[in-house]
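J.: Sharing entry_4.cif, mmCIF, C-alpha atoms:
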```cif
data_upload
loop_
_atom_site.label_atom_id
_atom_site.label_comp_id
_atom_site.auth_asym_id
_atom_site.auth_seq_id
_atom_site.Cartn_x
_atom_site.Cartn_y
_atom_site.Cartn_z
CA MET A 1 -4.38 12.21 -18.69
CA GLU A 2 -6.64 10.05 -16.56
CA ILE A 3 -6.06 10.41 -12.79
CA TYR A 4 -5.42 6.70 -12.21
CA GLU A 5 -2.89 6.46 -15.05
CA LYS A 6 -1.07 9.60 -13.94
CA VAL A 7 -0.53 8.25 -10.42
CA ARG A 8 0.28 4.73 -11.65
CA LYS A 9 2.90 6.08 -14.05
CA TYR A 10 4.46 8.28 -11.35
CA LEU A 11 4.74 5.33 -8.97
CA TYR A 12 6.25 3.04 -11.58
CA GLU A 13 8.84 5.61 -12.67
CA ASN A 14 9.75 6.96 -9.22
CA ILE A 15 9.02 4.28 -6.64
CA GLY A 16 9.03 0.85 -8.26
CA HIS A 17 7.01 -1.99 -9.69
CA LEU A 18 5.70 -3.26 -6.33
CA THR A 19 3.47 -0.20 -5.97
CA THR A 20 0.46 0.89 -7.97
CA ALA A 21 -2.46 3.27 -7.79
CA GLY A 22 -5.71 2.24 -6.19
CA THR A 23 -9.16 3.43 -7.22
CA PRO A 24 -9.33 7.26 -7.39
CA ARG A 25 -12.04 8.95 -5.30
CA TYR A 26 -13.22 12.49 -5.83
CA ASP A 27 -13.85 14.51 -2.67
CA LEU A 28 -16.67 16.91 -3.58
CA SER A 29 -16.29 18.99 -0.42
CA LYS A 30 -12.62 19.74 -1.14
CA ASN A 31 -12.66 19.43 -4.94
CA ILE A 32 -9.70 17.08 -4.95
CA TRP A 33 -8.89 13.58 -6.13
CA LYS A 34 -7.57 11.09 -3.57
CA VAL A 35 -5.72 8.06 -4.87
CA PRO A 36 -4.45 5.37 -2.49
CA VAL A 37 -1.05 3.80 -3.06
CA LEU A 38 -1.09 0.01 -2.97
CA CYS A 39 2.02 -2.03 -2.24
CA LYS A 40 2.49 -5.74 -2.83
CA THR A 41 4.19 -7.57 0.05
CA GLU A 42 4.79 -11.21 0.82
CA ARG A 43 1.81 -11.04 3.19
CA GLY A 44 -0.62 -9.32 0.84
CA ILE A 45 -1.43 -5.94 -0.64
CA ILE A 46 -1.56 -2.99 1.73
CA ILE A 47 -2.28 0.74 1.46
CA VAL A 48 0.92 2.69 2.12
CA GLY A 49 0.03 6.26 1.19
CA GLU A 50 -2.30 8.58 -0.65
CA PHE A 51 -1.87 11.02 -3.53
CA LYS A 52 -3.97 14.16 -3.70
CA LEU A 53 -4.61 15.93 -6.99
CA ASP A 54 -6.69 18.97 -7.86
CA LYS A 55 -9.71 18.69 -10.15
CA ASN A 56 -7.45 19.29 -13.17
CA GLY A 57 -5.11 16.45 -12.25
CA ASN A 58 -2.22 18.49 -10.82
CA PHE A 59 -0.41 16.89 -7.89
CA LEU A 60 -1.11 18.54 -4.54
CA ASN A 61 0.44 15.90 -2.28
CA ILE A 62 2.80 13.06 -3.15
CA PRO A 63 3.82 10.67 -0.38
CA THR A 64 7.58 10.19 -0.17
CA LYS A 65 9.25 6.84 -0.69
CA GLU A 66 10.49 6.99 2.91
CA GLU A 67 6.94 7.53 4.22
CA MET A 68 5.66 4.58 2.21
CA LEU A 69 8.52 2.30 3.31
CA ARG A 70 7.90 3.18 6.95
CA THR A 71 4.20 2.38 6.54
CA VAL A 72 5.10 -1.00 5.00
CA GLU A 73 7.35 -1.79 7.96
CA LEU A 74 4.67 -0.86 10.50
CA GLU A 75 1.87 -2.71 8.69
CA ARG A 76 3.87 -5.90 8.09
CA GLU A 77 4.33 -6.33 11.83
CA ASN A 78 0.56 -6.55 12.27
CA LEU A 79 -0.35 -8.65 9.24
CA PRO A 80 -1.09 -12.33 9.80
CA PHE A 81 0.61 -14.90 7.60
CA LEU A 82 0.42 -18.60 6.87
CA TYR A 83 3.21 -20.81 8.12
CA TYR A 84 3.24 -24.46 7.20
CA GLY A 85 5.01 -26.75 9.63
CA THR A 86 4.64 -29.57 12.08
CA ARG A 87 3.52 -28.96 15.62
CA ARG A 88 7.16 -29.40 16.71
CA GLU A 89 8.42 -26.82 14.18
CA LEU A 90 5.78 -24.35 15.34
CA ASP A 91 6.77 -24.89 18.98
CA GLU A 92 10.48 -24.44 18.16
CA GLN A 93 9.74 -21.13 16.40
CA LYS A 94 7.44 -20.08 19.28
CA ILE A 95 4.55 -19.67 16.85
CA LYS A 96 1.07 -19.97 18.32
CA PRO A 97 -1.23 -21.46 15.69
CA VAL A 98 -4.80 -20.27 15.27
CA VAL A 99 -7.74 -22.11 13.78
CA ILE A 100 -9.48 -20.42 10.91
#
```
Before anything else, please render the file you have as structure tokens.

T.:
Amino acid sequence: MEIYEKVRKYLYENIGHLTTAGTPRYDLSKNIWKVPVLCKTERGIIIVGEFKLDKNGNFLNIPTKEEMLRTVELERENLPFLYYGTRRELDEQKIKPVVI
């Protein structure tokens, strides 16, 4: 089974539909596959973990759901987001607008 599909299937069956596998990378020095875990949030897609598989596609490291959820929580605090509102609404919410 292809590395990407193996990780994608594992995530879908064990974690949920808001996660998926990123692009697999082969580490020649360690002879392992590294596959990032991508998670869709209301502020964008973020990397929340990484699978490691041997050259034959056997799992070496699987991030836990708890680890990935904690990463989402930490990352969401630092992600910018768009907020549409009047100047008064922004002031009431204590939101400092930035110009892009």

J.: So which residues touch range 58-67 of chain A within 7 Å, counting only C-alpha atoms, skipping near sequence neighbours fewer than 6 positions away, as number ranges by chain?

T.: A: 15, 49-52

J.: Which residue, A:Gly85, A:Pro36, A:Gly57, A:Pro97, has the smallest gap to Thr19 in chain A when you use all atoms listed in the file?

T.: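 Among A:Gly85, A:Pro36, A:Gly57, A:Pro97, it is A:Pro36 that comes nearest to Thr19 in chain A.
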
J.: Applied to the shown file, which residues does the PyMOL selection byres ((chain A and resi 42-45) around 8) return, written as a ChimeraX atom specification?

T.: /A:38-41,46-47,76,79-81

J.: How would you write, as a ChimeraX atom specification, the residues chosen by the PyMOL selection byres ((chain A and resi 34) around 10) on this structure?

T.: /A:3-4,22-27,31-33,35-37,50-54,60-61

J.: Given all atoms listed in the file as the basis, pick out the residue of A:Tyr12, A:Val48, A:Glu2, A:Glu89 nearest to Glu75 in chain A.

T.: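 Closest to Glu75 in chain A of all the choices is A:Val48.
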
J.: Please measure the separation of CA of Gln93 in chain A and CA of Glu77 in chain A, giving the value in Å to one decimal.

T.: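 About the pair CA of Gln93 in chain A and CA of Glu77 in chain A: they are 16.4 Å apart.
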
J.: Quick one: residues within 6 Å of (-0.9, 0.7, -10.5) (file frame), counting all atoms listed in the file, please, as a count of residues only.

T.: 3

J.: May I ask for the distance between CA of Asn78 in chain A and CA of Val98 in chain A, given in Å to one decimal place?

T.: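 These two atoms are separated by 15.0 Å.
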
J.: Could you check how far CA of Val72 in chain A sits from CA of Asn14 in chain A, in Å to one decimal?

T.: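 So the two atoms, CA of Val72 in chain A and CA of Asn14 in chain A, lie 16.9 Å apart.
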
J.: With the input short on atoms, add N, CA and C atoms back to range 69-84 of chain A and write it as a PDB file, in the coordinates of the input.

T.:
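Result went into part.pdb, see below:
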```pdb
ATOM      1  N   LEU A  69       7.740   3.411   2.763  1.00  0.00           N
ATOM      2  CA  LEU A  69       8.520   2.300   3.310  1.00  0.00           C
ATOM      3  C   LEU A  69       8.270   2.140   4.809  1.00  0.00           C
ATOM      4  N   ARG A  70       8.178   3.236   5.503  1.00  0.00           N
ATOM      5  CA  ARG A  70       7.900   3.180   6.950  1.00  0.00           C
ATOM      6  C   ARG A  70       6.524   2.575   7.209  1.00  0.00           C
ATOM      7  N   THR A  71       5.551   2.945   6.404  1.00  0.00           N
ATOM      8  CA  THR A  71       4.200   2.380   6.540  1.00  0.00           C
ATOM      9  C   THR A  71       4.229   0.879   6.292  1.00  0.00           C
ATOM     10  N   VAL A  72       4.978   0.441   5.280  1.00  0.00           N
ATOM     11  CA  VAL A  72       5.100  -1.000   5.000  1.00  0.00           C
ATOM     12  C   VAL A  72       5.674  -1.710   6.215  1.00  0.00           C
ATOM     13  N   GLU A  73       6.726  -1.172   6.786  1.00  0.00           N
ATOM     14  CA  GLU A  73       7.350  -1.790   7.960  1.00  0.00           C
ATOM     15  C   GLU A  73       6.373  -1.906   9.120  1.00  0.00           C
ATOM     16  N   LEU A  74       5.635  -0.842   9.393  1.00  0.00           N
ATOM     17  CA  LEU A  74       4.670  -0.860  10.500  1.00  0.00           C
ATOM     18  C   LEU A  74       3.527  -1.831  10.242  1.00  0.00           C
ATOM     19  N   GLU A  75       3.005  -1.842   9.029  1.00  0.00           N
ATOM     20  CA  GLU A  75       1.870  -2.710   8.690  1.00  0.00           C
ATOM     21  C   GLU A  75       2.258  -4.179   8.677  1.00  0.00           C
ATOM     22  N   ARG A  76       3.442  -4.495   8.181  1.00  0.00           N
ATOM     23  CA  ARG A  76       3.870  -5.900   8.090  1.00  0.00           C
ATOM     24  C   ARG A  76       3.938  -6.557   9.459  1.00  0.00           C
ATOM     25  N   GLU A  77       4.265  -5.782  10.478  1.00  0.00           N
ATOM     26  CA  GLU A  77       4.330  -6.330  11.830  1.00  0.00           C
ATOM     27  C   GLU A  77       2.969  -6.820  12.312  1.00  0.00           C
ATOM     28  N   ASN A  78       1.902  -6.225  11.808  1.00  0.00           N
ATOM     29  CA  ASN A  78       0.560  -6.550  12.270  1.00  0.00           C
ATOM     30  C   ASN A  78      -0.211  -7.492  11.350  1.00  0.00           C
ATOM     31  N   LEU A  79       0.350  -7.794  10.189  1.00  0.00           N
ATOM     32  CA  LEU A  79      -0.350  -8.650   9.240  1.00  0.00           C
ATOM     33  C   LEU A  79      -0.156 -10.122   9.584  1.00  0.00           C
ATOM     34  N   PRO A  80      -1.239 -10.894   9.577  1.00  0.00           N
ATOM     35  CA  PRO A  80      -1.090 -12.330   9.800  1.00  0.00           C
ATOM     36  C   PRO A  80      -0.474 -12.987   8.564  1.00  0.00           C
ATOM     37  N   PHE A  81       0.071 -14.164   8.734  1.00  0.00           N
ATOM     38  CA  PHE A  81       0.610 -14.900   7.600  1.00  0.00           C
ATOM     39  C   PHE A  81       0.462 -16.394   7.849  1.00  0.00           C
ATOM     40  N   LEU A  82       0.492 -17.149   6.773  1.00  0.00           N
ATOM     41  CA  LEU A  82       0.420 -18.600   6.870  1.00  0.00           C
ATOM     42  C   LEU A  82       1.813 -19.175   7.033  1.00  0.00           C
ATOM     43  N   TYR A  83       1.940 -20.130   7.920  1.00  0.00           N
ATOM     44  CA  TYR A  83       3.210 -20.810   8.120  1.00  0.00           C
ATOM     45  C   TYR A  83       2.894 -22.299   8.164  1.00  0.00           C
ATOM     46  N   TYR A  84       3.470 -23.026   7.243  1.00  0.00           N
ATOM     47  CA  TYR A  84       3.240 -24.460   7.200  1.00  0.00           C
ATOM     48  C   TYR A  84       4.369 -25.171   7.929  1.00  0.00           C
TER      49      TYR A  84
END
```
